[in-house]
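S.K.: File run.json follows (JSON, C-alpha atoms):
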```json
[["chain", "number", "residue", "atom", "x", "y", "z"],
["A", 284, "MET", "CA", 19.48, -16.55, 41.46],
["A", 285, "THR", "CA", 19.59, -14.64, 38.15],
["A", 286, "ARG", "CA", 16.43, -15.04, 36.10],
["A", 287, "GLN", "CA", 16.54, -16.14, 32.45],
["A", 288, "LEU", "CA", 14.84, -13.89, 29.90],
["A", 289, "ARG", "CA", 12.69, -15.54, 27.23],
["A", 290, "ILE", "CA", 10.89, -13.80, 24.36],
["A", 291, "ASP", "CA", 8.18, -15.77, 22.54],
["A", 292, "ASP", "CA", 6.16, -15.55, 19.31],
["A", 293, "ILE", "CA", 8.91, -14.37, 16.97],
["A", 294, "GLY", "CA", 7.66, -15.11, 13.44],
["A", 295, "ALA", "CA", 4.28, -16.40, 14.63],
["A", 296, "SER", "CA", 1.28, -15.42, 12.50],
["A", 297, "SER", "CA", -0.86, -15.70, 15.63],
["A", 298, "LYS", "CA", 0.00, -12.02, 16.08],
["A", 299, "LEU", "CA", -2.24, -11.41, 13.06],
["A", 300, "TYR", "CA", -4.97, -14.04, 13.41],
["A", 301, "ASN", "CA", -5.36, -14.47, 17.19],
["A", 302, "GLN", "CA", -8.03, -11.85, 17.87],
["A", 303, "TYR", "CA", -10.14, -11.78, 21.02],
["A", 304, "SER", "CA", -11.34, -9.37, 23.68],
["A", 305, "TRP", "CA", -11.26, -9.44, 27.48],
["A", 306, "PHE", "CA", -14.90, -8.27, 27.24],
["A", 307, "LYS", "CA", -17.02, -11.10, 25.85],
["A", 308, "LEU", "CA", -19.61, -8.85, 24.23],
["A", 309, "ALA", "CA", -16.83, -7.18, 22.24],
["A", 310, "ASN", "CA", -15.97, -10.45, 20.45],
["A", 311, "ILE", "CA", -18.20, -9.34, 17.59],
["A", 312, "GLY", "CA", -16.92, -8.08, 14.25],
["A", 313, "PRO", "CA", -13.96, -5.69, 14.46],
["A", 314, "LEU", "CA", -14.51, -4.52, 18.05],
["A", 315, "LYS", "CA", -11.99, -7.01, 19.43],
["A", 316, "ARG", "CA", -9.24, -5.44, 17.33],
["A", 317, "PHE", "CA", -9.35, -2.02, 18.94],
["A", 318, "TRP", "CA", -8.66, -0.39, 22.29],
["A", 319, "PRO", "CA", -10.13, -0.62, 24.91],
["A", 320, "PHE", "CA", -11.51, -4.06, 23.99],
["A", 321, "LYS", "CA", -8.44, -5.56, 22.29],
["A", 322, "SER", "CA", -6.61, -8.30, 24.22],
["A", 323, "TRP", "CA", -4.16, -9.61, 21.62],
["A", 324, "GLY", "CA", -3.81, -9.27, 17.84],
["A", 325, "PRO", "CA", -3.28, -7.89, 15.43],
["A", 326, "TYR", "CA", 0.14, -6.34, 15.95],
["A", 327, "LYS", "CA", 3.33, -6.10, 13.90],
["A", 328, "GLU", "CA", 6.48, -8.21, 13.88],
["A", 329, "LEU", "CA", 9.59, -6.74, 15.48],
["A", 330, "THR", "CA", 11.69, -5.22, 12.70],
["A", 331, "VAL", "CA", 15.38, -5.69, 11.99],
["A", 332, "ASP", "CA", 15.90, -2.13, 13.28],
["A", 333, "ASP", "CA", 14.21, -3.14, 16.54],
["A", 334, "TRP", "CA", 16.51, -6.16, 16.91],
["A", 335, "GLU", "CA", 19.56, -4.02, 16.16],
["A", 336, "GLN", "CA", 18.60, -1.98, 19.23],
["A", 337, "LEU", "CA", 17.64, -4.94, 21.39],
["A", 338, "ILE", "CA", 20.74, -7.08, 20.88],
["A", 339, "PRO", "CA", 23.19, -4.40, 22.14],
["A", 340, "LEU", "CA", 20.82, -3.89, 25.08],
["A", 341, "PHE", "CA", 21.05, -7.58, 25.97],
["A", 342, "LYS", "CA", 24.84, -7.39, 25.72],
["A", 343, "LYS", "CA", 24.98, -4.30, 27.93],
["A", 344, "LEU", "CA", 22.82, -5.95, 30.59],
["A", 345, "GLU", "CA", 24.81, -9.20, 30.26],
["A", 346, "ILE", "CA", 21.68, -11.13, 29.32],
["A", 347, "ARG", "CA", 21.61, -14.01, 26.86],
["A", 348, "PRO", "CA", 17.88, -14.35, 26.15],
["A", 349, "ILE", "CA", 16.09, -17.35, 24.71],
["A", 350, "ILE", "CA", 14.37, -16.25, 21.52],
["A", 351, "ALA", "CA", 11.48, -18.61, 20.73],
["A", 352, "ILE", "CA", 10.86, -18.65, 16.97],
["A", 353, "THR", "CA", 7.89, -20.17, 15.17],
["A", 354, "ALA", "CA", 9.32, -21.94, 12.12],
["A", 355, "CYS", "CA", 6.65, -20.88, 9.61],
["A", 356, "TRP", "CA", 4.29, -17.99, 9.01],
["A", 357, "VAL", "CA", 0.78, -19.07, 7.98],
["A", 358, "GLU", "CA", -0.20, -17.10, 4.88],
["A", 359, "LYS", "CA", -3.77, -15.99, 4.11],
["A", 360, "ASP", "CA", -4.28, -18.97, 1.79],
["A", 361, "GLY", "CA", -3.08, -21.38, 4.50],
["A", 362, "THR", "CA", 0.34, -22.08, 2.98],
["A", 363, "LEU", "CA", 3.42, -22.01, 5.21],
["A", 364, "THR", "CA", 6.41, -19.74, 4.62],
["A", 365, "PRO", "CA", 9.60, -20.52, 6.59],
["A", 366, "PHE", "CA", 10.72, -17.76, 8.95],
["A", 367, "SER", "CA", 13.98, -17.13, 7.06],
["A", 368, "LYS", "CA", 12.06, -16.56, 3.82],
["A", 369, "LYS", "CA", 9.23, -14.49, 5.29],
["A", 370, "PHE", "CA", 11.58, -12.27, 7.30],
["A", 371, "PRO", "CA", 15.04, -12.69, 5.72],
["A", 372, "GLU", "CA", 16.66, -9.60, 7.24],
["A", 373, "ILE", "CA", 15.39, -10.39, 10.73],
["A", 374, "ALA", "CA", 16.46, -14.01, 10.39],
["A", 375, "ALA", "CA", 19.97, -12.99, 9.31],
["A", 376, "CYS", "CA", 20.24, -10.58, 12.24],
["A", 377, "LEU", "CA", 19.16, -13.23, 14.75],
["A", 378, "LYS", "CA", 21.40, -15.86, 13.19],
["A", 379, "ASN", "CA", 24.41, -13.58, 13.54],
["A", 380, "ALA", "CA", 23.49, -12.82, 17.15],
["A", 381, "ALA", "CA", 23.11, -16.53, 17.93],
["A", 382, "GLN", "CA", 26.40, -17.42, 16.30],
["A", 383, "ASN", "CA", 28.13, -14.76, 18.40],
["A", 384, "GLY", "CA", 26.59, -16.09, 21.60],
["A", 385, "PHE", "CA", 24.34, -13.11, 22.27],
["A", 386, "ILE", "CA", 21.04, -15.04, 22.09],
["A", 387, "THR", "CA", 19.82, -18.65, 22.13],
["A", 388, "ILE", "CA", 17.27, -19.78, 19.52],
["A", 389, "ALA", "CA", 14.42, -22.04, 20.64],
["A", 390, "ASN", "CA", 11.74, -23.94, 18.71],
["A", 391, "HIS", "CA", 8.30, -22.36, 19.20],
["A", 392, "GLY", "CA", 6.38, -24.72, 16.94],
["A", 393, "LEU", "CA", 5.76, -24.92, 13.23],
["A", 394, "THR", "CA", 2.61, -22.77, 13.00],
["A", 395, "HIS", "CA", 1.68, -21.74, 16.59],
["A", 396, "CYS", "CA", -1.90, -22.64, 15.69],
["A", 397, "VAL", "CA", -4.30, -25.37, 14.60],
["A", 398, "LEU", "CA", -4.31, -25.00, 10.84],
["A", 399, "GLY", "CA", -7.71, -24.46, 9.29],
["A", 400, "HIS", "CA", -9.20, -23.09, 12.51],
["A", 401, "HIS", "CA", -6.87, -20.17, 13.16],
["A", 402, "TYR", "CA", -8.48, -17.32, 11.23],
["A", 403, "ALA", "CA", -10.16, -14.49, 13.12],
["A", 404, "ARG", "CA", -13.91, -14.97, 13.49],
["A", 405, "PHE", "CA", -16.70, -12.47, 13.04],
["A", 406, "TRP", "CA", -18.46, -13.94, 16.08],
["A", 407, "GLY", "CA", -16.47, -14.94, 19.13],
["A", 408, "ALA", "CA", -12.82, -15.46, 19.98],
["A", 409, "ASN", "CA", -10.39, -17.94, 18.41],
["A", 410, "ARG", "CA", -7.73, -18.08, 21.12],
["A", 411, "VAL", "CA", -8.13, -21.82, 21.70],
["A", 412, "PHE", "CA", -6.90, -22.53, 18.18],
["A", 413, "HIS", "CA", -3.66, -20.62, 18.71],
["A", 414, "ARG", "CA", -2.07, -23.41, 20.73],
["A", 415, "GLU", "CA", -0.45, -25.87, 18.38],
["A", 416, "PHE", "CA", -0.01, -29.07, 20.39],
["A", 417, "TRP", "CA", -3.34, -29.88, 22.05],
["A", 418, "PRO", "CA", -3.68, -33.45, 23.38],
["A", 419, "TRP", "CA", -6.84, -33.92, 21.27],
["A", 420, "LEU", "CA", -4.91, -33.49, 18.02],
["A", 421, "PRO", "CA", -3.74, -36.71, 16.28],
["A", 422, "ALA", "CA", -0.26, -37.98, 17.06],
["A", 423, "GLU", "CA", 0.58, -37.52, 13.36],
["A", 424, "ILE", "CA", 0.08, -33.76, 13.71],
["A", 425, "HIS", "CA", 2.46, -33.59, 16.67],
["A", 426, "GLN", "CA", 5.03, -35.70, 14.85],
["A", 427, "THR", "CA", 4.84, -33.76, 11.58],
["A", 428, "HIS", "CA", 4.91, -30.31, 13.17],
["A", 429, "ILE", "CA", 7.82, -31.15, 15.46],
["A", 430, "GLN", "CA", 9.89, -32.76, 12.70],
["A", 431, "ARG", "CA", 9.22, -29.99, 10.16],
["A", 432, "SER", "CA", 9.82, -27.14, 12.60],
["A", 433, "GLN", "CA", 13.12, -28.63, 13.76],
["A", 434, "GLU", "CA", 14.25, -29.25, 10.20],
["A", 435, "ILE", "CA", 13.40, -25.70, 9.09],
["A", 436, "LEU", "CA", 14.98, -23.98, 12.09],
["A", 437, "GLU", "CA", 18.09, -26.16, 12.26],
["A", 438, "THR", "CA", 18.74, -25.87, 8.52],
["A", 439, "TYR", "CA", 19.00, -22.12, 8.95],
["A", 440, "PHE", "CA", 20.20, -21.55, 12.53],
["A", 441, "GLY", "CA", 22.04, -24.75, 13.36],
["A", 442, "PRO", "CA", 21.29, -27.12, 16.27],
["A", 443, "ILE", "CA", 18.19, -26.28, 18.33],
["A", 444, "THR", "CA", 18.00, -27.92, 21.76],
["A", 445, "ILE", "CA", 15.15, -25.99, 23.46],
["A", 446, "PHE", "CA", 11.43, -26.38, 22.78],
["A", 447, "VAL", "CA", 8.90, -23.78, 23.99],
["A", 448, "PRO", "CA", 5.35, -25.01, 23.31],
["A", 449, "PRO", "CA", 3.01, -22.28, 22.03],
["A", 450, "GLY", "CA", 0.65, -21.20, 24.77],
["A", 451, "ASN", "CA", 2.44, -23.60, 27.17],
["A", 452, "VAL", "CA", 0.32, -26.46, 25.79],
["A", 453, "TRP", "CA", 1.97, -29.78, 25.02],
["A", 454, "SER", "CA", 1.13, -33.45, 25.24],
["A", 455, "ILE", "CA", 2.60, -36.91, 25.67],
["A", 456, "LYS", "CA", 2.29, -37.01, 21.88],
["A", 457, "THR", "CA", 4.49, -33.90, 21.64],
["A", 458, "TYR", "CA", 7.06, -35.46, 23.94],
["A", 459, "GLN", "CA", 7.15, -38.66, 21.90],
["A", 460, "ALA", "CA", 7.70, -36.58, 18.74],
["A", 461, "LEU", "CA", 10.50, -34.58, 20.39],
["A", 462, "ARG", "CA", 12.41, -37.72, 21.37],
["A", 463, "SER", "CA", 13.61, -38.25, 17.80],
["A", 464, "THR", "CA", 15.05, -34.71, 17.57],
["A", 465, "SER", "CA", 17.96, -32.84, 19.12],
["A", 466, "ILE", "CA", 15.67, -31.17, 21.69],
["A", 467, "LYS", "CA", 17.04, -31.59, 25.22],
["A", 468, "THR", "CA", 14.83, -29.18, 27.17],
["A", 469, "ILE", "CA", 11.12, -28.30, 27.23],
["A", 470, "ILE", "CA", 10.37, -24.95, 28.88],
["A", 471, "ALA", "CA", 6.76, -24.18, 29.85],
["A", 472, "ASN", "CA", 4.71, -23.07, 32.83],
["A", 473, "ARG", "CA", 2.78, -26.35, 33.03],
["A", 474, "TYR", "CA", 3.36, -30.04, 32.55],
["A", 475, "MET", "CA", 1.59, -32.02, 29.84],
["A", 476, "PRO", "CA", -2.09, -32.36, 30.83],
["A", 477, "ASP", "CA", -2.60, -35.89, 29.51],
["A", 478, "SER", "CA", 0.22, -37.67, 31.36],
["A", 479, "THR", "CA", 2.07, -37.54, 34.67],
["A", 480, "ALA", "CA", 4.84, -39.82, 33.41],
["A", 481, "PRO", "CA", 8.37, -38.50, 34.03],
["A", 482, "LEU", "CA", 10.52, -37.58, 31.04],
["A", 483, "SER", "CA", 13.38, -39.99, 30.59],
["A", 484, "ASP", "CA", 15.59, -38.22, 28.07],
["A", 485, "ILE", "CA", 14.39, -34.60, 27.88],
["A", 486, "GLU", "CA", 14.41, -32.15, 30.77],
["A", 487, "TYR", "CA", 11.25, -30.25, 31.71],
["A", 488, "VAL", "CA", 11.85, -26.74, 33.07],
["A", 489, "ASP", "CA", 9.01, -24.87, 34.80],
["A", 490, "ASP", "CA", 9.33, -21.25, 33.66],
["A", 491, "ARG", "CA", 7.43, -19.98, 36.70],
["A", 492, "ASN", "CA", 10.74, -20.30, 38.50],
["A", 493, "ASN", "CA", 13.63, -17.95, 37.72],
["A", 494, "PHE", "CA", 12.35, -16.79, 34.33],
["A", 495, "ILE", "CA", 11.22, -13.49, 32.87],
["A", 496, "VAL", "CA", 8.80, -14.58, 30.14],
["A", 497, "LEU", "CA", 7.72, -12.01, 27.55],
["A", 498, "HIS", "CA", 6.17, -11.94, 24.10],
["A", 499, "ASP", "CA", 7.30, -9.72, 21.26],
["A", 500, "ARG", "CA", 3.97, -7.93, 21.77],
["A", 501, "ASP", "CA", 5.20, -6.73, 25.18],
["A", 502, "ILE", "CA", 8.15, -4.98, 23.56],
["A", 503, "ILE", "CA", 6.11, -3.47, 20.74],
["A", 504, "GLY", "CA", 3.44, -2.23, 23.13],
["A", 505, "LYS", "CA", 5.94, -0.46, 25.38],
["A", 506, "GLY", "CA", 8.36, 0.75, 22.73],
["A", 507, "ILE", "CA", 12.04, -0.09, 22.98],
["A", 508, "PRO", "CA", 13.16, 2.87, 25.16],
["A", 509, "ARG", "CA", 10.56, 2.06, 27.83],
["A", 510, "PHE", "CA", 11.17, -1.66, 27.49],
["A", 511, "ALA", "CA", 14.90, -1.07, 27.98],
["A", 512, "GLN", "CA", 14.24, 0.80, 31.23],
["A", 513, "GLN", "CA", 11.91, -1.90, 32.54],
["A", 514, "LEU", "CA", 14.24, -4.72, 31.56],
["A", 515, "ALA", "CA", 17.16, -3.03, 33.29],
["A", 516, "SER", "CA", 15.01, -2.67, 36.40],
["A", 517, "MET", "CA", 13.84, -6.31, 36.29],
["A", 518, "THR", "CA", 17.32, -7.71, 35.82],
["A", 519, "SER", "CA", 18.95, -5.47, 38.43],
["A", 520, "SER", "CA", 16.48, -6.74, 41.05],
["A", 521, "THR", "CA", 17.38, -10.43, 40.53]]
```
Could I get this file's structure written as structure tokens?
M.R.:
Amino acid sequence: MTRQLRIDDIGASSKLYNQYSWFKLANIGPLKRFWPFKSWGPYKELTVDDWEQLIPLFKKLEIRPIIAITACWVEKDGTLTPFSKKFPEIAACLKNAAQNGFITIANHGLTHCVLGHHYARFWGANRVFHREFWPWLPAEIHQTHIQRSQEILETYFGPITIFVPPGNVWSIKTYQALRSTSIKTIIANRYMPDSTAPLSDIEYVDDRNNFIVLHDRDIIGKGIPRFAQQLASMTSST
């Protein structure tokens, strides 16, 4: 069976604020930002030039990837800027690709993080706060973030039917919030941790089966020529 390609974290400010090291003693000051200690951020957003190379690559390989976009970028002062306003050229490029059937846009949350706790720390890691829909957050947060993210993304891109929870973390509260939207599918590598109840009106898809799941960071780290070679190899072997 052909595997579906998914690329996460487009427009997510977690690429700037989510800073931690694989080596615990390096989670002090700036050490966690630099090789060989760096495990995640910071790194840059894919540019419109990058997407103008990637989209023809997807077409050539006959791949229609799911592009998971975070609806808002969290600014330094904590305010939220919608993706289409923060990255207008990238948004226009992706919108055109979606309208032509080359990609599918998915909802990847409103902020990708727990607001107010997301900034990089001098001491320690902050990875835990870069999952947006923890079960311990109030139901109001789940409801507000789902409704606002859908409204922002659908106003610009049109109907969005796929939800990809940041960090694969979601809750029964998230599901209840999604039920009042146009979302038809939740894609993640784990079920909600606070309930075993079956979903009655939204499909859950386990992305450990028949998916190639990447982050924009994977493309940036490799560079597009090397990524193109690896993607061609991955897709030809399915």
S.K.: Sorted by chain and rising residue number, which residues of stretch 322-419 of chain A lie within 10 Å of stretch 470-479 of chain A, and what are their closest atom pairs and distances in Å to one decimal, counting all atoms listed in the file, as a tab-separated table?
M.R.:
```
residue	atom	partner	partner_atom	distance
A:Ala389	CA	A:Ile470	CA	9.6
A:Trp417	CA	A:Pro476	CA	9.2
A:Pro418	CA	A:Asp477	CA	6.7
A:Trp419	CA	A:Asp477	CA	9.5
```
S.K.: At what distance in Å, to one decimal, does atom CA of A:Pro365 lie from atom CA of A:Lys315?
M.R.: 28.5 Å
S.K.: So which one's closest to A:Arg404, A:Ile485, A:Leu314, A:Ala380, A:Leu344? Using only C-alpha atoms, please.
M.R.: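 Of A:Ile485, A:Leu314, A:Ala380, A:Leu344, the one nearest A:Arg404 is A:Leu314, counting only C-alpha atoms.
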S.K.: Nearest residue to A:Leu377 out of A:Ile455, A:Ile293, A:Val496, A:Ile346, using all atoms listed in the file?
M.R.: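 The shortest atom-to-atom distance to A:Leu377 comes from A:Ile293.
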S.K.: Tell me which of A:Ile503, A:Ala374, A:Leu514, A:Val452 sits closest to A:Ile352, counting all atoms listed in the file.
M.R.: A:Ala374
S.K.: Can you tell me how far atom CA of A:Gln287 sits from atom CA of A:Thr387, in Å to one decimal?
M.R.: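 So the two atoms, atom CA of A:Gln287 and atom CA of A:Thr387, lie 11.1 Å apart.
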S.K.: Between A:Leu461, A:Ile435, A:Ile466, A:Ala381, which residue has the minimum interatomic distance to A:Phe416, considering all atoms listed in the file?
M.R.: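 Smallest distance to A:Phe416 is found for A:Leu461.
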S.K.: Let me make sure I understand: among A:Ala403, A:Met517, A:Ile445, A:Ile429, which one has the smallest atom-to-atom distance to A:Ile350 if we use all atoms listed in the file?
M.R.: A:Ile445
S.K.: For each of A:Arg347, A:His391, A:Lys369, A:Arg414, take the minimum atom-to-atom distance to A:Ser432, counting only C-alpha atoms, then give the residue where this is smallest.
M.R.: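 The closest residue to A:Ser432 is A:His391.
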S.K.: Show which residues sit within 12 Å of A:Ser465, as a list of chain:residue names. Count all atoms listed in the file, and ignore same-chain residues fewer than 4 positions away.
M.R.: A:Ala389, A:Asn390, A:Ile429, A:Gln430, A:Ser432, A:Gln433, A:Glu434, A:Leu436, A:Glu437, A:Gly441, A:Pro442, A:Ile443, A:Thr444, A:Ile445, A:Phe446, A:Ala460, A:Leu461, A:Ile469, A:Asp484, A:Ile485
